[in-house]
$ cat target.pdb   # PDB, C-alpha atoms and all ligand atoms
ATOM      1  CA  MET A   1      66.303 -13.551 -61.811
ATOM      2  CA  ARG A   2      64.461 -15.451 -59.090
ATOM      3  CA  LYS A   3      64.005 -19.191 -59.350
ATOM      4  CA  LYS A   4      60.950 -20.742 -60.936
ATOM      5  CA  ILE A   5      59.981 -23.830 -58.959
ATOM      6  CA  VAL A   6      57.420 -26.598 -59.210
ATOM      7  CA  ALA A   7      57.348 -28.583 -55.973
ATOM      8  CA  GLY A   8      55.268 -31.639 -55.163
ATOM      9  CA  ASN A   9      53.916 -32.358 -51.700
ATOM     10  CA  TRP A  10      52.980 -36.017 -51.533
ATOM     11  CA  LYS A  11      51.424 -35.590 -48.053
ATOM     12  CA  MET A  12      50.563 -38.977 -46.458
ATOM     13  CA  ASN A  13      50.383 -40.918 -49.696
ATOM     14  CA  LYS A  14      52.364 -43.762 -51.304
ATOM     15  CA  THR A  15      54.049 -46.780 -49.788
ATOM     16  CA  LEU A  16      57.825 -46.861 -50.165
ATOM     17  CA  GLN A  17      57.527 -49.003 -53.303
ATOM     18  CA  GLU A  18      54.875 -46.762 -54.839
ATOM     19  CA  GLY A  19      56.919 -43.672 -54.051
ATOM     20  CA  VAL A  20      60.035 -45.144 -55.646
ATOM     21  CA  ALA A  21      58.018 -46.018 -58.750
ATOM     22  CA  LEU A  22      56.617 -42.488 -58.970
ATOM     23  CA  ALA A  23      60.021 -40.817 -58.510
ATOM     24  CA  THR A  24      61.562 -43.155 -61.104
ATOM     25  CA  GLU A  25      58.840 -42.394 -63.649
ATOM     26  CA  LEU A  26      59.213 -38.654 -63.122
ATOM     27  CA  LYS A  27      62.993 -38.841 -63.357
ATOM     28  CA  GLU A  28      62.759 -40.665 -66.684
ATOM     29  CA  MET A  29      60.259 -38.154 -68.046
ATOM     30  CA  LEU A  30      62.488 -35.231 -67.083
ATOM     31  CA  GLU A  31      65.549 -36.899 -68.569
ATOM     32  CA  ALA A  32      63.683 -37.248 -71.861
ATOM     33  CA  GLU A  33      62.543 -33.618 -71.724
ATOM     34  CA  LYS A  34      64.469 -31.137 -69.585
ATOM     35  CA  PRO A  35      62.317 -28.903 -67.362
ATOM     36  CA  ASN A  36      62.358 -25.133 -67.596
ATOM     37  CA  CYS A  37      62.209 -24.731 -63.827
ATOM     38  CA  GLU A  38      63.531 -26.252 -60.629
ATOM     39  CA  VAL A  39      61.646 -29.426 -59.691
ATOM     40  CA  VAL A  40      61.304 -30.546 -56.071
ATOM     41  CA  ILE A  41      59.482 -33.550 -54.646
ATOM     42  CA  CYS A  42      58.627 -33.485 -50.952
ATOM     43  CA  THR A  43      57.958 -36.951 -49.607
ATOM     44  CA  PRO A  44      57.120 -38.651 -46.312
ATOM     45  CA  PHE A  45      60.200 -39.249 -44.140
ATOM     46  CA  ILE A  46      60.438 -42.944 -44.941
ATOM     47  CA  HIS A  47      60.923 -42.269 -48.674
ATOM     48  CA  LEU A  48      63.570 -39.590 -48.339
ATOM     49  CA  ALA A  49      66.855 -41.523 -48.356
ATOM     50  CA  THR A  50      65.809 -43.864 -51.167
ATOM     51  CA  VAL A  51      64.295 -41.142 -53.345
ATOM     52  CA  ALA A  52      67.239 -38.791 -52.723
ATOM     53  CA  GLU A  53      69.666 -41.526 -53.817
ATOM     54  CA  LEU A  54      67.553 -42.381 -56.851
ATOM     55  CA  THR A  55      67.387 -38.754 -58.010
ATOM     56  CA  LYS A  56      70.971 -37.850 -57.037
ATOM     57  CA  ASP A  57      72.255 -37.112 -60.526
ATOM     58  CA  SER A  58      68.990 -35.781 -61.869
ATOM     59  CA  VAL A  59      67.319 -32.377 -62.044
ATOM     60  CA  ILE A  60      65.000 -33.375 -59.196
ATOM     61  CA  ALA A  61      65.633 -32.080 -55.680
ATOM     62  CA  VAL A  62      64.081 -33.812 -52.703
ATOM     63  CA  GLY A  63      62.470 -32.368 -49.590
ATOM     64  CA  ALA A  64      60.728 -33.441 -46.387
ATOM     65  CA  GLU A  65      57.211 -32.387 -45.425
ATOM     66  CA  ASN A  66      58.089 -31.533 -41.842
ATOM     67  CA  CYS A  67      60.845 -31.711 -39.219
ATOM     68  CA  ALA A  68      60.960 -31.602 -35.434
ATOM     69  CA  ASP A  69      61.102 -28.442 -33.343
ATOM     70  CA  LYS A  70      63.856 -29.952 -31.189
ATOM     71  CA  ALA A  71      67.441 -30.724 -32.183
ATOM     72  CA  SER A  72      67.645 -34.285 -30.790
ATOM     73  CA  GLY A  73      66.842 -36.424 -27.792
ATOM     74  CA  ALA A  74      63.911 -38.168 -26.142
ATOM     75  CA  TYR A  75      61.118 -37.148 -28.524
ATOM     76  CA  THR A  76      59.621 -40.464 -29.575
ATOM     77  CA  GLY A  77      58.439 -40.534 -33.164
ATOM     78  CA  GLU A  78      59.982 -37.225 -34.191
ATOM     79  CA  VAL A  79      62.485 -36.659 -37.028
ATOM     80  CA  SER A  80      65.068 -33.889 -36.680
ATOM     81  CA  ALA A  81      66.284 -31.430 -39.299
ATOM     82  CA  ALA A  82      69.757 -33.017 -39.055
ATOM     83  CA  MET A  83      68.257 -36.431 -39.837
ATOM     84  CA  VAL A  84      66.377 -34.998 -42.828
ATOM     85  CA  LYS A  85      69.577 -33.403 -44.112
ATOM     86  CA  SER A  86      71.503 -36.677 -43.688
ATOM     87  CA  THR A  87      69.183 -38.415 -46.189
ATOM     88  CA  GLY A  88      70.348 -36.132 -48.995
ATOM     89  CA  ALA A  89      67.201 -34.005 -48.894
ATOM     90  CA  GLU A  90      67.682 -30.305 -49.666
ATOM     91  CA  TYR A  91      64.313 -28.872 -48.689
ATOM     92  CA  VAL A  92      61.715 -29.026 -45.957
ATOM     93  CA  ILE A  93      58.119 -27.781 -46.077
ATOM     94  CA  LEU A  94      57.167 -25.902 -42.896
ATOM     95  CA  GLY A  95      54.002 -24.101 -41.878
ATOM     96  CA  HIS A  96      51.618 -26.135 -44.006
ATOM     97  CA  SER A  97      48.025 -25.399 -42.989
ATOM     98  CA  GLU A  98      47.400 -29.111 -42.348
ATOM     99  CA  ARG A  99      50.190 -29.109 -39.746
ATOM    100  CA  ARG A 100      49.006 -25.833 -38.260
ATOM    101  CA  GLU A 101      45.438 -27.092 -38.007
ATOM    102  CA  TYR A 102      45.625 -30.833 -37.253
ATOM    103  CA  TYR A 103      48.874 -30.883 -35.258
ATOM    104  CA  ARG A 104      48.468 -27.519 -33.552
ATOM    105  CA  GLU A 105      51.727 -26.075 -34.851
ATOM    106  CA  THR A 106      51.901 -22.529 -33.506
ATOM    107  CA  PRO A 107      53.988 -19.660 -34.895
ATOM    108  CA  GLU A 108      56.487 -20.254 -32.047
ATOM    109  CA  ILE A 109      56.853 -23.965 -32.825
ATOM    110  CA  LEU A 110      57.283 -23.129 -36.509
ATOM    111  CA  LYS A 111      59.906 -20.522 -35.696
ATOM    112  CA  ALA A 112      61.911 -23.168 -33.803
ATOM    113  CA  LYS A 113      61.586 -25.555 -36.769
ATOM    114  CA  VAL A 114      62.671 -22.828 -39.201
ATOM    115  CA  ASP A 115      65.772 -22.058 -37.141
ATOM    116  CA  LEU A 116      66.750 -25.731 -36.841
ATOM    117  CA  ALA A 117      66.182 -26.384 -40.549
ATOM    118  CA  LEU A 118      68.458 -23.479 -41.475
ATOM    119  CA  GLU A 119      71.120 -24.474 -38.926
ATOM    120  CA  ASN A 120      71.189 -27.856 -40.635
ATOM    121  CA  GLY A 121      71.551 -26.469 -44.133
ATOM    122  CA  LEU A 122      68.036 -27.135 -45.401
ATOM    123  CA  LYS A 123      66.115 -24.771 -47.656
ATOM    124  CA  ILE A 124      62.581 -24.066 -46.484
ATOM    125  CA  ILE A 125      59.297 -23.911 -48.366
ATOM    126  CA  PHE A 126      57.312 -21.873 -45.859
ATOM    127  CA  CYS A 127      53.530 -22.013 -46.301
ATOM    128  CA  ILE A 128      51.072 -19.271 -45.450
ATOM    129  CA  GLY A 129      47.449 -18.649 -46.375
ATOM    130  CA  GLU A 130      43.990 -17.799 -45.107
ATOM    131  CA  SER A 131      40.898 -19.905 -44.415
ATOM    132  CA  LEU A 132      37.594 -19.441 -46.241
ATOM    133  CA  ASP A 133      36.195 -17.570 -43.244
ATOM    134  CA  GLU A 134      39.173 -15.203 -43.245
ATOM    135  CA  ARG A 135      38.874 -14.658 -47.013
ATOM    136  CA  GLU A 136      35.173 -13.844 -46.620
ATOM    137  CA  LYS A 137      36.026 -11.337 -43.905
ATOM    138  CA  GLY A 138      38.635  -9.814 -46.225
ATOM    139  CA  VAL A 139      41.527 -10.296 -43.779
ATOM    140  CA  GLN A 140      43.729 -12.475 -46.017
ATOM    141  CA  GLU A 141      46.529  -9.907 -46.165
ATOM    142  CA  THR A 142      46.704  -9.554 -42.386
ATOM    143  CA  VAL A 143      46.708 -13.342 -41.980
ATOM    144  CA  CYS A 144      49.605 -13.774 -44.419
ATOM    145  CA  ARG A 145      51.634 -10.932 -42.922
ATOM    146  CA  THR A 146      51.066 -12.225 -39.375
ATOM    147  CA  GLU A 147      52.185 -15.736 -40.350
ATOM    148  CA  LEU A 148      55.373 -14.334 -41.855
ATOM    149  CA  GLU A 149      56.018 -12.123 -38.822
ATOM    150  CA  GLY A 150      55.402 -15.022 -36.456
ATOM    151  CA  SER A 151      57.906 -17.481 -37.865
ATOM    152  CA  VAL A 152      60.286 -16.135 -40.537
ATOM    153  CA  PHE A 153      60.718 -12.355 -40.422
ATOM    154  CA  HIS A 154      63.275 -12.675 -37.594
ATOM    155  CA  LEU A 155      65.762 -14.187 -40.067
ATOM    156  CA  THR A 156      68.794 -12.272 -41.299
ATOM    157  CA  PRO A 157      68.882 -11.256 -44.995
ATOM    158  CA  GLU A 158      71.528 -13.954 -45.503
ATOM    159  CA  GLN A 159      69.276 -16.636 -43.972
ATOM    160  CA  TRP A 160      66.312 -15.351 -45.981
ATOM    161  CA  LYS A 161      68.004 -16.528 -49.196
ATOM    162  CA  GLN A 162      67.137 -20.095 -48.132
ATOM    163  CA  ILE A 163      63.412 -19.323 -47.918
ATOM    164  CA  VAL A 164      60.783 -20.003 -50.563
ATOM    165  CA  ILE A 165      57.271 -18.825 -49.721
ATOM    166  CA  ALA A 166      54.192 -20.831 -50.698
ATOM    167  CA  TYR A 167      50.869 -19.025 -50.643
ATOM    168  CA  GLU A 168      48.214 -21.679 -50.116
ATOM    169  CA  PRO A 169      44.692 -20.417 -49.487
ATOM    170  CA  ILE A 170      43.211 -23.129 -47.260
ATOM    171  CA  TRP A 171      39.880 -22.990 -49.107
ATOM    172  CA  ALA A 172      41.638 -24.024 -52.317
ATOM    173  CA  ILE A 173      43.587 -27.004 -50.929
ATOM    174  CA  GLY A 174      42.248 -30.316 -52.186
ATOM    175  CA  THR A 175      38.881 -28.729 -52.939
ATOM    176  CA  GLY A 176      39.185 -28.345 -56.692
ATOM    177  CA  LYS A 177      38.524 -24.656 -56.080
ATOM    178  CA  THR A 178      41.569 -22.718 -57.319
ATOM    179  CA  ALA A 179      42.151 -19.082 -56.539
ATOM    180  CA  SER A 180      41.782 -17.191 -59.790
ATOM    181  CA  ALA A 181      45.067 -16.071 -61.292
ATOM    182  CA  GLU A 182      44.074 -12.475 -60.420
ATOM    183  CA  GLN A 183      43.252 -13.344 -56.793
ATOM    184  CA  ALA A 184      46.543 -15.201 -56.428
ATOM    185  CA  GLU A 185      48.582 -12.461 -58.117
ATOM    186  CA  GLU A 186      47.071  -9.830 -55.852
ATOM    187  CA  ILE A 187      48.199 -11.573 -52.695
ATOM    188  CA  HIS A 188      51.556 -12.672 -54.119
ATOM    189  CA  ALA A 189      52.309  -9.023 -54.891
ATOM    190  CA  PHE A 190      51.267  -8.117 -51.347
ATOM    191  CA  ILE A 191      53.553 -10.817 -49.887
ATOM    192  CA  ARG A 192      56.447  -9.510 -51.980
ATOM    193  CA  LYS A 193      55.733  -6.020 -50.654
ATOM    194  CA  CYS A 194      55.881  -7.347 -47.062
ATOM    195  CA  VAL A 195      59.228  -9.013 -47.814
ATOM    196  CA  ALA A 196      60.494  -5.742 -49.328
ATOM    197  CA  GLU A 197      59.505  -3.821 -46.188
ATOM    198  CA  VAL A 198      61.656  -6.102 -44.042
ATOM    199  CA  TYR A 199      64.532  -7.070 -46.362
ATOM    200  CA  GLY A 200      64.486  -4.416 -49.089
ATOM    201  CA  ALA A 201      63.291  -4.424 -52.681
ATOM    202  CA  GLU A 202      66.270  -6.305 -54.069
ATOM    203  CA  VAL A 203      65.848  -9.299 -51.728
ATOM    204  CA  ALA A 204      62.087  -9.296 -52.356
ATOM    205  CA  GLU A 205      62.709  -9.441 -56.112
ATOM    206  CA  GLU A 206      64.863 -12.539 -55.577
ATOM    207  CA  THR A 207      62.316 -14.355 -53.379
ATOM    208  CA  SER A 208      60.382 -17.162 -55.055
ATOM    209  CA  ILE A 209      56.695 -17.181 -54.112
ATOM    210  CA  LEU A 210      54.778 -20.322 -55.108
ATOM    211  CA  TYR A 211      51.031 -20.794 -55.377
ATOM    212  CA  GLY A 212      49.373 -23.913 -53.911
ATOM    213  CA  GLY A 213      45.769 -25.104 -53.892
ATOM    214  CA  SER A 214      44.168 -27.266 -56.591
ATOM    215  CA  CYS A 215      46.885 -26.315 -59.059
ATOM    216  CA  LYS A 216      46.870 -28.588 -62.098
ATOM    217  CA  ALA A 217      48.117 -28.716 -65.678
ATOM    218  CA  SER A 218      44.994 -26.941 -66.925
ATOM    219  CA  ASN A 219      45.268 -23.871 -64.674
ATOM    220  CA  ALA A 220      49.037 -23.681 -64.121
ATOM    221  CA  PRO A 221      49.846 -21.733 -67.330
ATOM    222  CA  GLU A 222      47.485 -18.901 -66.377
ATOM    223  CA  LEU A 223      48.729 -18.793 -62.782
ATOM    224  CA  PHE A 224      52.427 -18.966 -63.703
ATOM    225  CA  ALA A 225      52.010 -16.194 -66.291
ATOM    226  CA  LYS A 226      51.426 -13.686 -63.478
ATOM    227  CA  PRO A 227      54.466 -11.563 -62.610
ATOM    228  CA  ASP A 228      54.595 -12.453 -58.905
ATOM    229  CA  ILE A 229      53.788 -16.174 -59.174
ATOM    230  CA  ASP A 230      57.045 -18.105 -59.417
ATOM    231  CA  GLY A 231      55.664 -21.624 -59.546
ATOM    232  CA  GLY A 232      53.526 -23.999 -57.548
ATOM    233  CA  LEU A 233      53.352 -26.276 -54.534
ATOM    234  CA  ILE A 234      51.313 -29.198 -55.748
ATOM    235  CA  GLY A 235      49.409 -31.765 -53.691
ATOM    236  CA  GLY A 236      47.024 -34.122 -55.511
ATOM    237  CA  ALA A 237      48.435 -33.506 -58.981
ATOM    238  CA  SER A 238      51.958 -34.445 -57.832
ATOM    239  CA  LEU A 239      50.900 -38.049 -57.192
ATOM    240  CA  LYS A 240      50.871 -39.047 -60.858
ATOM    241  CA  ALA A 241      53.979 -38.368 -62.943
ATOM    242  CA  PRO A 242      52.131 -37.256 -66.125
ATOM    243  CA  ASP A 243      49.943 -34.828 -64.124
ATOM    244  CA  PHE A 244      52.950 -33.336 -62.350
ATOM    245  CA  LYS A 245      54.920 -33.141 -65.590
ATOM    246  CA  GLY A 246      51.968 -31.273 -67.124
ATOM    247  CA  ILE A 247      52.389 -28.566 -64.469
ATOM    248  CA  ILE A 248      56.167 -28.445 -64.932
ATOM    249  CA  ASP A 249      55.518 -27.938 -68.650
ATOM    250  CA  ALA A 250      53.479 -24.823 -67.876
ATOM    251  CA  TRP A 251      56.829 -23.030 -67.674
ATOM    252  CA  LYS A 252      57.406 -23.801 -71.340
ATOM    253  CA  LYS A 253      54.283 -22.029 -72.494
TER     254      LYS A 253
HETATM  255  P1  LIG A 301      46.245 -29.739 -53.633
HETATM  256  O1  LIG A 301      47.118 -29.456 -54.824
HETATM  257  O2  LIG A 301      45.883 -31.188 -53.505
HETATM  258  O3  LIG A 301      45.088 -28.807 -53.547
HETATM  259  O4  LIG A 301      47.161 -29.450 -52.327
HETATM  260  C1  LIG A 301      47.873 -28.273 -52.255
HETATM  261  C2  LIG A 301      48.806 -28.359 -51.103
HETATM  262  O5  LIG A 301      48.383 -28.383 -49.960
HETATM  263  C3  LIG A 301      50.234 -28.445 -51.381
HETATM  264  O6  LIG A 301      50.987 -28.294 -50.233
END
$ encode --input "target.pdb" --output "structure tokens" --more "lines below"
Ligand code: 13P
Amino acid sequence: MRKKIVAGNWKMNKTLQEGVALATELKEMLEAEKPNCEVVICTPFIHLATVAELTKDSVIAVGAENCADKASGAYTGEVSAAMVKSTGAEYVILGHSERREYYRETPEILKAKVDLALENGLKIIFCIGESLDEREKGVQETVCRTELEGSVFHLTPEQWKQIVIAYEPIWAIGTGKTASAEQAEEIHAFIRKCVAEVYGAEVAEETSILYGGSCKASNAPELFAKPDIDGGLIGGASLKAPDFKGIIDAWKK
């Protein structure tokens, strides 16, 4: 059985103190009521070590939102995969549309990041998804397949076990406009088919594919009920513990 996961992506939000308070509140909530899925919080770099320490003996795993495409050296302001790993983080988000768009991360750069993250023992939440324009043109499947081919389909089947895919239609991110459960299921099933073509049906069955884009407690149950949706990657609704917990609870319905 593949893993069910609810992962938060804090993006560029929360001071260190606010982040610690949020992680503490969530930890206490999940101690009081055990989750029915894996819970991950992906935080800005500066929070990682503190939040990883704070959640060490809890059900919460911690991840970064990015890592460098170089191993080490004179790259002012960058944070390497090895540094992320040394904080106690287990995951890293790569390929987020905000990084692709605002920081010009190309498939080649992302491929280098993917390889370094895996070399350093991190699990990867790899994001793919089409823009509104691409959805209107009906090319969402090609976009998703091309993004997978460009940065992760070179991995060995063994390496692939460390990959979680997040389908995040760009038009649904932070817009309040969620893909319908049917729309999301359709593309999740397509993504699983692409994985099966490269790695075989058994590996594809084991691959967790998360949905991201205006996912909240009110729509999560319907989305998570679909056979190919294995959880969510949550932005805005991961910034308040009760909201995030509400999504985690969708796995209990
Ligand atoms: P929202 O949940 O705020 O739409 O963000 C989704 C996202 O980009 C998660 O990575």
$ residues_near_ligand --input "target.pdb" --ligand "ligand LIG 301 (chain A)" --cutoff "6 Å" --atoms "all atoms listed in the file" --output "tab-separated table (two decimals) with C-alpha atoms, in the coordinates of the input"
chain	number	residue	atom	x	y	z
A	9	ASN	CA	53.92	-32.36	-51.70
A	173	ILE	CA	43.59	-27.00	-50.93
A	174	GLY	CA	42.25	-30.32	-52.19
A	212	GLY	CA	49.37	-23.91	-53.91
A	213	GLY	CA	45.77	-25.10	-53.89
A	214	SER	CA	44.17	-27.27	-56.59
A	215	CYS	CA	46.88	-26.32	-59.06
A	233	LEU	CA	53.35	-26.28	-54.53
A	234	ILE	CA	51.31	-29.20	-55.75
A	235	GLY	CA	49.41	-31.76	-53.69
A	236	GLY	CA	47.02	-34.12	-55.51
A	237	ALA	CA	48.44	-33.51	-58.98
$ closest_residue --input "target.pdb" --among "A:Leu48, A:Val59, A:Val198, A:Ala112" --to "Leu30 in chain A" --atoms "all atoms listed in the file"
A:Val59
$ residues_around --input "target.pdb" --residues "Ala68 in chain A" --least-positions-apart "2" --cutoff "8 Å" --atoms "only C-alpha atoms" --output "number ranges by chain"
A: 66, 70-71, 78-81, 113
$ residues_around --input "target.pdb" --residues "range 167-171 of chain A" --least-positions-apart "3" --cutoff "6 Å" --atoms "all atoms listed in the file" --output "NGL selection string"
:A and (127-132 or 211-213)
$ write_last_selection --input "target.pdb" --atoms "C-alpha atoms" --output "PDB file, in the frame of the given file"
ATOM      1  CA  CYS A 127      53.530 -22.013 -46.301  1.00  0.00           C
ATOM      2  CA  ILE A 128      51.072 -19.271 -45.450  1.00  0.00           C
ATOM      3  CA  GLY A 129      47.449 -18.649 -46.375  1.00  0.00           C
ATOM      4  CA  GLU A 130      43.990 -17.799 -45.107  1.00  0.00           C
ATOM      5  CA  SER A 131      40.898 -19.905 -44.415  1.00  0.00           C
ATOM      6  CA  LEU A 132      37.594 -19.441 -46.241  1.00  0.00           C
ATOM      7  CA  TYR A 211      51.031 -20.794 -55.377  1.00  0.00           C
ATOM      8  CA  GLY A 212      49.373 -23.913 -53.911  1.00  0.00           C
ATOM      9  CA  GLY A 213      45.769 -25.104 -53.892  1.00  0.00           C
TER      10      GLY A 213
END
$ atom_distance --input "target.pdb" --atom1 "CA of Leu118 in chain A" --atom2 "CA of Cys37 in chain A"
23.2 Å
$ atom_distance --input "target.pdb" --atom1 "CA of Ser58 in chain A" --atom2 "CA of Ala241 in chain A"
15.3 Å
$ residues_around --input "target.pdb" --residues "Trp251 in chain A" --least-positions-apart "4" --cutoff "12 Å" --atoms "all atoms listed in the file" --output "PyMOL selection string"
chain A and resi 3-6+34-39+217+219-226+229-232+245-247
$ closest_residue --input "target.pdb" --among "A:Gly63, A:Lys11, A:Met83, A:Glu119" --to "Ser97 in chain A" --atoms "all atoms listed in the file"
A:Lys11
$ atom_distance --input "target.pdb" --atom1 "CA of Met29 in chain A" --atom2 "CA of Thr55 in chain A"
12.3 Å
$ closest_residue --input "target.pdb" --among "A:Arg2, A:Lys137, A:Lys177, A:Lys27" --to "Ala52 in chain A" --atoms "all atoms listed in the file"
A:Lys27
$ closest_residue --input "target.pdb" --among "A:Ile248, A:Leu148, A:Ala181, A:Leu26" --to "Ala7 in chain A" --atoms "all atoms listed in the file"
A:Ile248
$ resolve_selection --input "target.pdb" --expression "the PyMOL selection byres (((chain A and resi 157-165) around 8) and not hetatm)" --output "PyMOL selection string"
chain A and resi 118+122-128+155-156+166-167+199+203+207-210
$ resolve_selection --input "target.pdb" --expression "the PyMOL selection byres (((chain A and resi 109) around 10) and not hetatm)" --output "list of chain:residue names"
A:Ala68, A:Asp69, A:Lys70, A:Gly95, A:Arg100, A:Arg104, A:Glu105, A:Thr106, A:Pro107, A:Glu108, A:Leu110, A:Lys111, A:Ala112, A:Lys113, A:Val114, A:Gly150, A:Ser151
$ resolve_selection --input "target.pdb" --expression "the PyMOL selection byres (((chain A and resi 193) around 12) and not hetatm)" --output "number ranges by chain"
A: 141, 144-145, 186-192, 194-205, 207, 209, 228
$ closest_residue --input "target.pdb" --among "A:Glu206, A:Ile46, A:Leu22, A:Gln140" --to "Met1 in chain A" --atoms "all atoms listed in the file"
A:Glu206
$ closest_residue --input "target.pdb" --among "A:Ile41, A:His47, A:Ala74, A:Glu134" --to "Glu90 in chain A" --atoms "all atoms listed in the file"
A:Ile41
$ residues_around --input "target.pdb" --residues "Lys14 in chain A" --least-positions-apart "3" --cutoff "10 Å" --atoms "all atoms listed in the file" --output "PyMOL selection string"
chain A and resi 10-11+17-22+43-44+47+239
$ write_last_selection --input "target.pdb" --atoms "C-alpha atoms" --output "CSV table (one decimal), in the frame of the given file"
chain,number,residue,atom,x,y,z
A,10,TRP,CA,53.0,-36.0,-51.5
A,11,LYS,CA,51.4,-35.6,-48.1
A,17,GLN,CA,57.5,-49.0,-53.3
A,18,GLU,CA,54.9,-46.8,-54.8
A,19,GLY,CA,56.9,-43.7,-54.1
A,20,VAL,CA,60.0,-45.1,-55.6
A,21,ALA,CA,58.0,-46.0,-58.8
A,22,LEU,CA,56.6,-42.5,-59.0
A,43,THR,CA,58.0,-37.0,-49.6
A,44,PRO,CA,57.1,-38.7,-46.3
A,47,HIS,CA,60.9,-42.3,-48.7
A,239,LEU,CA,50.9,-38.0,-57.2
$ closest_atom_pairs --input "target.pdb" --of "range 51-77 of chain A" --to "range 85-88 of chain A" --cutoff "12 Å" --atoms "all atoms listed in the file" --output "tab-separated table"
residue	atom	partner	partner_atom	distance
A:Val51	CA	A:Gly88	CA	9.0
A:Ala52	CA	A:Gly88	CA	5.5
A:Glu53	CA	A:Gly88	CA	7.3
A:Leu54	CA	A:Gly88	CA	10.4
A:Thr55	CA	A:Gly88	CA	9.8
A:Lys56	CA	A:Gly88	CA	8.2
A:Asp57	CA	A:Gly88	CA	11.7
A:Ile60	CA	A:Gly88	CA	11.8
A:Ala61	CA	A:Gly88	CA	9.1
A:Val62	CA	A:Gly88	CA	7.6
A:Gly63	CA	A:Gly88	CA	8.8
A:Ala64	CA	A:Lys85	CA	9.1
A:Asn66	CA	A:Lys85	CA	11.9
A:Cys67	CA	A:Lys85	CA	10.2
$ decode --input "target.pdb" --residues "range 59-64 of chain A" --atoms "all heavy atoms" --output "mmCIF file, in the first residue's frame"
data_model
loop_
_atom_site.group_PDB
_atom_site.id
_atom_site.type_symbol
_atom_site.label_atom_id
_atom_site.label_comp_id
_atom_site.auth_asym_id
_atom_site.auth_seq_id
_atom_site.Cartn_x
_atom_site.Cartn_y
_atom_site.Cartn_z
ATOM 1 N N VAL A 59 5.199 12.408 15.164
ATOM 2 C CA VAL A 59 4.812 11.824 13.877
ATOM 3 C C VAL A 59 5.139 12.769 12.713
ATOM 4 O O VAL A 59 4.982 12.404 11.555
ATOM 5 C CB VAL A 59 3.293 11.504 13.831
ATOM 6 C CG1 VAL A 59 2.950 10.426 14.825
ATOM 7 C CG2 VAL A 59 2.468 12.767 14.088
ATOM 8 N N ILE A 60 5.582 13.972 13.035
ATOM 9 C CA ILE A 60 5.805 14.974 11.984
ATOM 10 C C ILE A 60 7.204 14.843 11.393
ATOM 11 O O ILE A 60 8.193 14.796 12.123
ATOM 12 C CB ILE A 60 5.629 16.409 12.556
ATOM 13 C CG1 ILE A 60 4.231 16.571 13.168
ATOM 14 C CG2 ILE A 60 5.894 17.469 11.481
ATOM 15 C CD1 ILE A 60 4.041 17.871 13.945
ATOM 16 N N ALA A 61 7.274 14.784 10.067
ATOM 17 C CA ALA A 61 8.562 14.839 9.373
ATOM 18 C C ALA A 61 8.740 16.258 8.837
ATOM 19 O O ALA A 61 7.764 16.963 8.571
ATOM 20 C CB ALA A 61 8.594 13.836 8.238
ATOM 21 N N VAL A 62 10.003 16.638 8.679
ATOM 22 C CA VAL A 62 10.288 18.010 8.259
ATOM 23 C C VAL A 62 10.984 18.005 6.901
ATOM 24 O O VAL A 62 11.743 17.083 6.582
ATOM 25 C CB VAL A 62 11.158 18.705 9.349
ATOM 26 C CG1 VAL A 62 11.649 20.063 8.890
ATOM 27 C CG2 VAL A 62 10.349 18.848 10.627
ATOM 28 N N GLY A 63 10.701 19.030 6.105
ATOM 29 C CA GLY A 63 11.343 19.142 4.798
ATOM 30 C C GLY A 63 11.704 20.582 4.483
ATOM 31 O O GLY A 63 11.161 21.517 5.081
ATOM 32 N N ALA A 64 12.619 20.744 3.522
ATOM 33 C CA ALA A 64 12.973 22.073 3.011
ATOM 34 C C ALA A 64 12.103 22.370 1.795
ATOM 35 O O ALA A 64 11.454 21.471 1.251
ATOM 36 C CB ALA A 64 14.450 22.117 2.647
#
